[in-house]
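Student: The structure follows.
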Amino acid sequence: MDTDSHALSHHPKLKSWIDECAKLCKPDRIVWIDGSEEEKNRLEAEAVKTGEFVKLDDKKFPGCFYHRSSSNDVARTEHLTFICSRRKEDAGPTNNWMPPEEGYRRAGATLAGSMKGRTMYVIPFSMGVVGSPFSKIGVQLTDSLYVVLNMRIMTRVGKPVLDALGNDGEFTKCLHGKADLDISKRLILHFPDDNAIWSVGSGYGGNALLGKKCLALRIASNLARKEGWLAEHMLILGIEDKTGHTEYITAAFPSACGKTNLAMLVAPEALKAKGYKVWTVGDDIAWLKPGPDGRLWAMNPEFGFFGVAPGTNSRTNPHAMDTVRKNTIFTNTLLGKDGSVWWEDGDGEPPAEGWDWMGRPWTPGQKDAEGKPIVGAHPNSRFTAPASQCPSISSHWQDPQGVPISAVIFGGRRQHLAPLVYQSFDWAHGVFVGASMASERTAAQVGKLGEVRRDPMAMLPFCGYNMADYFGHWLEMGRAVPNPPKIFHVNWFRKDENGKFLWPGYGENLRVLEWILGRCKGQGKAQKTPIGHVPAADALDLTGLKISPKAMEKLLDVRPEDWDQELDGVEGFFRRFDERMPQEMWSQFQNLKSRLKPPVHA
Ligand code: OXD
Ligand code: MN
């Protein structure tokens, strides 16, 4: 196989790595992705021809396509995801580990000859603005046209990236092969010591778009630790006040807990009247670096949104609905016979006839043998859309140095226990709050829905090294940044005794963000509780919101007796890290425990 004839780069290490991979996978041809419009049109037409894409009605959905993935390949498979560090203890107890040589051998055996009869695409991509010192370059080799067309939306690709790479620049080596999407051979492998990722047997987003979770979180968290910054599973948003001044916030929530909705929040009328505007910088990943002014600055390394479709509608997220009107790829939603797409809890009536996410004929109201409704869209069906199409996209979203961060928010989905919002006492306590985070499982991961699992900083599936060292790195960052952001915890999902959500969520969350920003400026009334500062009863602006004082009381309630089980959960989780856990985390734990259960003095 001649890899040289159309090569767009003369980078010797890049070329010899491509040669090596081509020798292993044996594609019929190699195509370099240049990032041009002409290339996009050509590849889309090809994807329609192969059946990977269905073109949607061009009037209603201009430039949009539909894709259905294999039915056993619709979510990230965390049990098949491995950190292949040299030493097992460097992956830590929360990651699956495989020795690097075993990883290369097992995935290599599956990849061998797997691209015969296929094309291997070479995708040079940049996470972050091309050429920014904040950015990282990767090159993904893949035999999936779907992956190429998604990567073109989710990352900056092509010739400008190769120009920035030059002939000797560093890049993450990303090899992806569909290998017949065989789940028994599926492996998502990260080699932090080699700055490499190998993914085989899956075509699903988080497993196959290697710039996203694999590079921008698992590999980047390793690089960030070495280089003194943070790679986090966080949205970034800006809140502009009536004077035109904007403060920025990052927020970490586990997958499918509303990061995209919060990032694109629309202010409720009462707050709009106060002059607030909300700007989106990113919806999933933030890279945070100390700036020359002693603050922490954040940038979104991605170029698009890979959002969950079901539940997205004009009420929950009007900006997302506007974003996906054109140039969007829809995966595993319902496909209407009229060339439309539709999903549960979306906008409008479903089409009269269509195919569900498994490709079976579907009509509205269809029920299974037990009389349960058959859903049209998979609960983790997705849209891939360019960030630039979002009506609330910040004019600073592509600033090479990022935006300065005032507050970091951690949050989970908890029906009970966690109040609507609380502020940590200081950075180290905030790190503890993040480290002890937990959430109920959603459809973004394979597993039992609703089960509570500890998900520190929403990074459990994404931290590419031992999480004890990761907590240590967070503590270190607090010492290295003279004026770090304040740290908060939120829970939009608290329920009453009848199982009803107490807080309306969505746009109304701005009321909580307003209090948070007030606290960052030394304002915002609060009461001190054992877990942190909670808003005083009248501290949130509730103008125009129908919520009873009783519900507010329940939302802000901290009852020490409820925390016993939580303390056990945190202690059990921390113990998994043995003596590698920073002592500071244990001190924070003991402090919380004694604040909740003050020692009785005789
Ligand atoms: C995602 C996820 O796709 O977290 O963003 O699963
Ligand atoms: Mn995510």
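Each chain in the structure tokens gets a letter, A, B and so on, in the order shown; residues start at 1 in every chain, and ligands are counted from 1 in the order they appear.
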Name each residue within 9 Å of ligand 2, counting only C-alpha atoms and all ligand atoms, as number ranges by chain.

Tutor: A: 206, 212-213, 233-234, 253-256, 259, 283-285, 306-307, 444, 458

Student: Let me see the file: selected residues, N, CA, C and O atoms, as an mmCIF file, in the first residue's frame.

Tutor:
data_model
loop_
_atom_site.group_PDB
_atom_site.id
_atom_site.type_symbol
_atom_site.label_atom_id
_atom_site.label_comp_id
_atom_site.auth_asym_id
_atom_site.auth_seq_id
_atom_site.Cartn_x
_atom_site.Cartn_y
_atom_site.Cartn_z
ATOM 1 N N GLY A 206 -18.887 8.333 21.851
ATOM 2 C CA GLY A 206 -17.869 8.427 22.899
ATOM 3 C C GLY A 206 -16.771 7.378 22.784
ATOM 4 O O GLY A 206 -15.671 7.551 23.300
ATOM 5 N N LYS A 212 -12.869 13.339 21.601
ATOM 6 C CA LYS A 212 -13.742 13.757 22.691
ATOM 7 C C LYS A 212 -13.323 13.149 24.040
ATOM 8 O O LYS A 212 -12.436 13.683 24.705
ATOM 9 N N LYS A 213 -13.946 12.063 24.455
ATOM 10 C CA LYS A 213 -13.667 11.513 25.782
ATOM 11 C C LYS A 213 -12.239 10.959 25.865
ATOM 12 O O LYS A 213 -11.569 11.090 26.875
ATOM 13 N N HIS A 233 -14.642 17.405 32.760
ATOM 14 C CA HIS A 233 -15.927 17.095 32.125
ATOM 15 C C HIS A 233 -16.908 18.204 32.522
ATOM 16 O O HIS A 233 -17.787 17.996 33.355
ATOM 17 N N MET A 234 -16.719 19.380 31.929
ATOM 18 C CA MET A 234 -17.456 20.567 32.380
ATOM 19 C C MET A 234 -17.970 21.401 31.215
ATOM 20 O O MET A 234 -17.284 21.549 30.202
ATOM 21 N N PHE A 253 -21.258 17.907 35.577
ATOM 22 C CA PHE A 253 -22.340 16.974 35.911
ATOM 23 C C PHE A 253 -22.075 15.681 35.152
ATOM 24 O O PHE A 253 -21.568 15.729 34.031
ATOM 25 N N PRO A 254 -22.469 14.561 35.728
ATOM 26 C CA PRO A 254 -22.329 13.299 34.992
ATOM 27 C C PRO A 254 -23.086 13.347 33.661
ATOM 28 O O PRO A 254 -23.968 14.193 33.477
ATOM 29 N N SER A 255 -22.771 12.418 32.769
ATOM 30 C CA SER A 255 -23.395 12.365 31.451
ATOM 31 C C SER A 255 -24.913 12.374 31.561
ATOM 32 O O SER A 255 -25.473 11.702 32.439
ATOM 33 N N ALA A 256 -25.546 13.099 30.656
ATOM 34 C CA ALA A 256 -27.020 13.139 30.559
ATOM 35 C C ALA A 256 -27.690 13.684 31.829
ATOM 36 O O ALA A 256 -28.749 13.223 32.222
ATOM 37 N N LYS A 259 -26.034 19.096 31.185
ATOM 38 C CA LYS A 259 -24.960 20.083 30.944
ATOM 39 C C LYS A 259 -25.281 20.939 29.730
ATOM 40 O O LYS A 259 -25.109 22.153 29.745
ATOM 41 N N ASP A 283 -20.235 22.832 26.144
ATOM 42 C CA ASP A 283 -21.293 22.073 26.836
ATOM 43 C C ASP A 283 -20.817 20.765 27.448
ATOM 44 O O ASP A 283 -21.605 20.069 28.071
ATOM 45 N N ASP A 284 -19.531 20.404 27.283
ATOM 46 C CA ASP A 284 -19.144 19.076 27.767
ATOM 47 C C ASP A 284 -17.735 19.005 28.358
ATOM 48 O O ASP A 284 -17.513 18.279 29.306
ATOM 49 N N ILE A 285 -16.799 19.741 27.755
ATOM 50 C CA ILE A 285 -15.405 19.594 28.194
ATOM 51 C C ILE A 285 -14.774 20.977 28.376
ATOM 52 O O ILE A 285 -14.967 21.866 27.543
ATOM 53 N N PHE A 306 -22.320 17.237 20.870
ATOM 54 C CA PHE A 306 -22.793 15.869 20.662
ATOM 55 C C PHE A 306 -23.809 15.636 21.774
ATOM 56 O O PHE A 306 -23.500 15.088 22.823
ATOM 57 N N GLY A 307 -25.042 16.133 21.549
ATOM 58 C CA GLY A 307 -26.017 16.199 22.641
ATOM 59 C C GLY A 307 -27.026 15.069 22.609
ATOM 60 O O GLY A 307 -27.281 14.456 21.565
ATOM 61 N N ALA A 444 -26.631 7.295 29.359
ATOM 62 C CA ALA A 444 -25.385 7.517 28.610
ATOM 63 C C ALA A 444 -24.369 6.405 28.854
ATOM 64 O O ALA A 444 -23.380 6.297 28.155
ATOM 65 N N ALA A 458 -17.589 14.244 38.195
ATOM 66 C CA ALA A 458 -18.191 13.706 36.970
ATOM 67 C C ALA A 458 -17.121 13.117 36.045
ATOM 68 O O ALA A 458 -17.292 13.026 34.833
#

Student: Name the residues of segment 408-601 of chain A that fall into strand (DSSP E) according to DSSP on the backbone, using the chain letters and numbers of this document, as a list in words.

Tutor: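 Of segment 408-601 of chain A, the ones in strand (DSSP E) are Val408, Ile409, Phe410, Gly411, Val421, Tyr422, Gln423, Ala438, Ser439, Glu440, Val452, Arg453, Arg454, Lys486, Ile487, Phe488, His489, Val490, Ala526, Gln527, Lys528, Thr529, Gly532, His533, Val534 and Pro535 of chain A.
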
Student: Just to be explicit: take each residue in the selection above, keep C-alpha atoms, and write the result as a PDB file, in the first residue's frame.

Tutor:
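Once written, selection_29.pdb looks like this:
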ATOM      1  CA  VAL A 408     -16.801  25.982  39.549  1.00  0.00           C
ATOM      2  CA  ILE A 409     -19.976  23.985  40.108  1.00  0.00           C
ATOM      3  CA  PHE A 410     -20.253  20.282  40.822  1.00  0.00           C
ATOM      4  CA  GLY A 411     -23.603  18.556  40.622  1.00  0.00           C
ATOM      5  CA  VAL A 421     -27.128  24.587  46.116  1.00  0.00           C
ATOM      6  CA  TYR A 422     -24.330  25.017  48.626  1.00  0.00           C
ATOM      7  CA  GLN A 423     -20.953  26.704  48.636  1.00  0.00           C
ATOM      8  CA  ALA A 438     -22.478  10.895  43.464  1.00  0.00           C
ATOM      9  CA  SER A 439     -25.288  10.597  40.950  1.00  0.00           C
ATOM     10  CA  GLU A 440     -28.010   8.285  39.757  1.00  0.00           C
ATOM     11  CA  VAL A 452     -26.457   5.759  42.789  1.00  0.00           C
ATOM     12  CA  ARG A 453     -22.806   5.661  41.921  1.00  0.00           C
ATOM     13  CA  ARG A 454     -19.957   7.823  43.158  1.00  0.00           C
ATOM     14  CA  LYS A 486     -15.098  29.524  44.343  1.00  0.00           C
ATOM     15  CA  ILE A 487     -16.516  25.985  44.393  1.00  0.00           C
ATOM     16  CA  PHE A 488     -20.234  25.110  44.670  1.00  0.00           C
ATOM     17  CA  HIS A 489     -22.489  22.042  44.529  1.00  0.00           C
ATOM     18  CA  VAL A 490     -25.959  22.003  42.964  1.00  0.00           C
ATOM     19  CA  ALA A 526     -26.228  32.517  53.202  1.00  0.00           C
ATOM     20  CA  GLN A 527     -26.555  30.338  56.219  1.00  0.00           C
ATOM     21  CA  LYS A 528     -23.760  28.122  57.416  1.00  0.00           C
ATOM     22  CA  THR A 529     -24.576  24.417  57.631  1.00  0.00           C
ATOM     23  CA  GLY A 532     -21.309  24.389  53.434  1.00  0.00           C
ATOM     24  CA  HIS A 533     -23.077  27.698  52.906  1.00  0.00           C
ATOM     25  CA  VAL A 534     -26.694  27.347  51.779  1.00  0.00           C
ATOM     26  CA  PRO A 535     -28.781  30.336  50.561  1.00  0.00           C
TER      27      PRO A 535
END

Student: Just list as a CSV table (one decimal) with N, CA and C atoms, in the first residue's frame whatever in segment 184-396 of chain A DSSP marks as alpha helix (DSSP H).

Tutor:
chain,number,residue,atom,x,y,z
A,205,GLY,N,-20.3,7.3,19.3
A,205,GLY,CA,-19.7,8.6,19.6
A,205,GLY,C,-18.5,8.5,20.6
A,206,GLY,N,-18.9,8.3,21.9
A,206,GLY,CA,-17.9,8.4,22.9
A,206,GLY,C,-16.8,7.4,22.8
A,207,ASN,N,-17.0,6.3,22.1
A,207,ASN,CA,-16.0,5.2,21.9
A,207,ASN,C,-15.2,5.5,20.6
A,208,ALA,N,-15.7,6.2,19.7
A,208,ALA,CA,-15.2,6.2,18.3
A,208,ALA,C,-14.7,7.6,17.9
A,220,ALA,N,-5.8,13.8,27.9
A,220,ALA,CA,-5.5,15.2,28.3
A,220,ALA,C,-5.4,15.3,29.8
A,221,SER,N,-6.1,14.5,30.6
A,221,SER,CA,-6.0,14.6,32.1
A,221,SER,C,-4.5,14.2,32.5
A,222,ASN,N,-4.0,13.2,31.8
A,222,ASN,CA,-2.6,12.9,32.0
A,222,ASN,C,-1.6,14.0,31.6
A,223,LEU,N,-1.8,14.6,30.5
A,223,LEU,CA,-1.0,15.7,30.0
A,223,LEU,C,-1.1,16.9,31.0
A,224,ALA,N,-2.4,17.1,31.4
A,224,ALA,CA,-2.7,18.3,32.3
A,224,ALA,C,-1.9,18.1,33.6
A,225,ARG,N,-1.9,16.9,34.1
A,225,ARG,CA,-1.2,16.7,35.4
A,225,ARG,C,0.3,17.0,35.3
A,226,LYS,N,0.8,16.5,34.1
A,226,LYS,CA,2.3,16.8,33.9
A,226,LYS,C,2.6,18.3,33.7
A,227,GLU,N,1.7,18.9,33.0
A,227,GLU,CA,1.9,20.3,32.6
A,227,GLU,C,1.3,21.4,33.5
A,259,LYS,N,-26.0,19.1,31.2
A,259,LYS,CA,-25.0,20.1,30.9
A,259,LYS,C,-25.3,20.9,29.7
A,260,THR,N,-25.8,20.3,28.7
A,260,THR,CA,-26.0,21.0,27.4
A,260,THR,C,-27.2,22.0,27.7
A,261,ASN,N,-28.2,21.6,28.5
A,261,ASN,CA,-29.3,22.6,28.8
A,261,ASN,C,-28.8,23.7,29.6
A,262,LEU,N,-28.0,23.5,30.6
A,262,LEU,CA,-27.5,24.6,31.4
A,262,LEU,C,-26.6,25.5,30.6
A,263,ALA,N,-25.8,24.9,29.7
A,263,ALA,CA,-24.8,25.7,28.9
A,263,ALA,C,-25.6,26.7,28.0
A,269,GLU,N,-38.2,35.4,32.4
A,269,GLU,CA,-38.6,36.8,32.2
A,269,GLU,C,-38.1,37.7,33.3
A,270,ALA,N,-38.3,37.3,34.5
A,270,ALA,CA,-38.0,38.2,35.7
A,270,ALA,C,-36.5,38.5,35.7
A,271,LEU,N,-35.6,37.6,35.3
A,271,LEU,CA,-34.2,37.8,35.3
A,271,LEU,C,-33.7,38.5,34.0
A,272,LYS,N,-34.5,38.3,32.9
A,272,LYS,CA,-34.2,39.0,31.7
A,272,LYS,C,-34.4,40.5,32.0
A,318,PRO,N,-34.4,25.7,23.9
A,318,PRO,CA,-34.7,26.3,22.6
A,318,PRO,C,-33.5,26.6,21.8
A,319,HIS,N,-32.4,26.9,22.4
A,319,HIS,CA,-31.1,27.2,21.7
A,319,HIS,C,-30.6,26.0,21.0
A,320,ALA,N,-30.7,24.8,21.7
A,320,ALA,CA,-30.3,23.6,21.1
A,320,ALA,C,-31.2,23.3,19.9
A,321,MET,N,-32.5,23.5,20.0
A,321,MET,CA,-33.4,23.2,18.9
A,321,MET,C,-33.0,24.1,17.7
A,322,ASP,N,-32.7,25.3,17.9
A,322,ASP,CA,-32.2,26.2,16.8
A,322,ASP,C,-30.9,25.7,16.2
A,323,THR,N,-30.0,25.3,17.1
A,323,THR,CA,-28.7,24.8,16.7
A,323,THR,C,-28.8,23.6,15.7

Student: Name the closest residue to ligand 1 among the candidates A:Phe383, A:Phe171, A:Trp17, A:Tyr104; distances are taken between atoms, counting only C-alpha atoms and all ligand atoms.

Tutor: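 Of A:Phe383, A:Phe171, A:Trp17, A:Tyr104, the one nearest ligand 1, counting only C-alpha atoms and all ligand atoms, is A:Phe383.
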
Student: Given the choices A:Glu78, A:Asp538, A:Glu579, A:Asp368, which gets closest to ligand 1 if the distance is worked out from only C-alpha atoms and all ligand atoms?

Tutor: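 Using only C-alpha atoms and all ligand atoms, ligand 1 sits closest to A:Glu78.
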
Student: Ranking A:Lys554, A:His429, A:His79, A:Lys546 by minimum distance to Met585 of chain A and counting only C-alpha atoms, which one comes first?

Tutor: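 Answer, going by the shortest atom-to-atom distance: A:His429.
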
Student: Give me, as a list in words, all polymer residues having an atom no more than 10 Å from Ala107 of chain A, counting only C-alpha atoms and skipping those fewer than 5 positions away in the same chain.

Tutor: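 The filter keeps Glu102, Ala112, Gly177, Ala179, Lys185, Arg186, Leu187, Ile188, Leu189, Trp198, Ser199, Val200 and Gly201 of chain A.
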
Student: Determine the nearest neighbour of ligand 1 from the options A:Arg494, A:Arg42, A:Arg76, A:Lys60, counting only C-alpha atoms and all ligand atoms.

Tutor: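 Of all the options, A:Arg76 lies closest to ligand 1.
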
Student: Could you name the residues that touch segment 566-571 of chain A at 9 Å or less, counting only C-alpha atoms, but leaving out those on the same chain fewer than 5 positions away, as number ranges by chain?

Tutor: A: 417, 435-437, 454, 576, 586, 589, 592-593

Student: For C-alpha atoms, I'd like the residues from the last selection saved as a short mmCIF file (atom, residue, chain, number, x, y, z; two decimals), in the first residue's frame.

Tutor:
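The resulting file, out32.cif, is shown below:
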data_model
loop_
_atom_site.label_atom_id
_atom_site.label_comp_id
_atom_site.auth_asym_id
_atom_site.auth_seq_id
_atom_site.Cartn_x
_atom_site.Cartn_y
_atom_site.Cartn_z
CA LEU A 417 -30.11 14.43 50.40
CA ALA A 435 -14.38 14.10 45.10
CA SER A 436 -17.39 12.86 47.08
CA MET A 437 -19.94 13.59 44.35
CA ARG A 454 -19.96 7.82 43.16
CA ARG A 576 -10.41 2.07 47.73
CA TRP A 586 -9.32 12.37 54.84
CA PHE A 589 -13.89 13.85 55.54
CA LEU A 592 -17.43 17.01 57.67
CA LYS A 593 -18.20 14.09 59.95
#

Student: Would you please work out which residue, of A:Phe501, A:Phe493, A:Trp515, A:Phe574, is nearest to Ala551 of chain A when using only C-alpha atoms?

Tutor: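 Closest candidate: A:Phe501.
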
Student: Might you pull out every residue within 12 Å of Glu20 of chain A, with only C-alpha atoms counted and same-chain residues fewer than 4 positions away left off, and present them as a PyMOL selection string?

Tutor: chain A and resi 1-3+13-16+24-27+108+112+141+173+175

Student: Please provide the set of residues having any atom within 8 Å of Asn167 of chain A, restricted to only C-alpha atoms, with same-chain residues fewer than 6 positions apart removed, written as a list in words.

Tutor: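 My reading of the contact set: Ser9, His10, His11 and Pro12 of chain A.
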
Student: Can you pull out the residues contacting Val31 of chain A? Cut-off 9 Å, using only C-alpha atoms, and skip same-chain residues under 5 positions away; I want them as a list in words.

Tutor: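 Here the answer would be Thr3, His6, Ala7, Thr119, Met120, Tyr121, Val122 and Ile123 of chain A.
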
Student: Give me a file of those residues, with N, CA and C atoms, as a short mmCIF file (atom, residue, chain, number, x, y, z; two decimals), in the first residue's frame.

Tutor:
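In the end it all went to out-v2.cif:
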data_model
loop_
_atom_site.label_atom_id
_atom_site.label_comp_id
_atom_site.auth_asym_id
_atom_site.auth_seq_id
_atom_site.Cartn_x
_atom_site.Cartn_y
_atom_site.Cartn_z
N THR A 3 1.39 4.83 0.86
CA THR A 3 0.73 5.80 1.72
C THR A 3 1.13 7.22 1.36
N HIS A 6 -0.84 10.72 -1.75
CA HIS A 6 -1.68 11.88 -1.49
C HIS A 6 -1.42 12.47 -0.13
N ALA A 7 -0.27 12.16 0.46
CA ALA A 7 0.00 12.64 1.82
C ALA A 7 -0.01 14.16 1.86
N THR A 119 -11.52 1.95 3.11
CA THR A 119 -10.64 3.12 3.07
C THR A 119 -10.21 3.45 4.49
N MET A 120 -8.94 3.80 4.64
CA MET A 120 -8.50 4.35 5.93
C MET A 120 -8.39 5.86 5.76
N TYR A 121 -9.18 6.57 6.57
CA TYR A 121 -9.12 8.03 6.53
C TYR A 121 -8.10 8.52 7.55
N VAL A 122 -7.39 9.57 7.19
CA VAL A 122 -6.43 10.20 8.10
C VAL A 122 -7.01 11.55 8.49
N ILE A 123 -7.39 11.70 9.75
CA ILE A 123 -8.02 12.95 10.18
C ILE A 123 -7.08 13.71 11.13
#

Student: Just the number, please: distance in Å from atom CA of Thr331 of chain A to atom CA of Ser69 of chain A, one decimal.

Tutor: 7.1 Å

Student: Determine the nearest neighbour of Glu344 of chain A from the options A:Ser70, A:Thr94, A:Ser381, A:Thr50, counting only C-alpha atoms.

Tutor: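 Comparing A:Ser70, A:Thr94, A:Ser381, A:Thr50 against Glu344 of chain A, the winner is A:Ser381.
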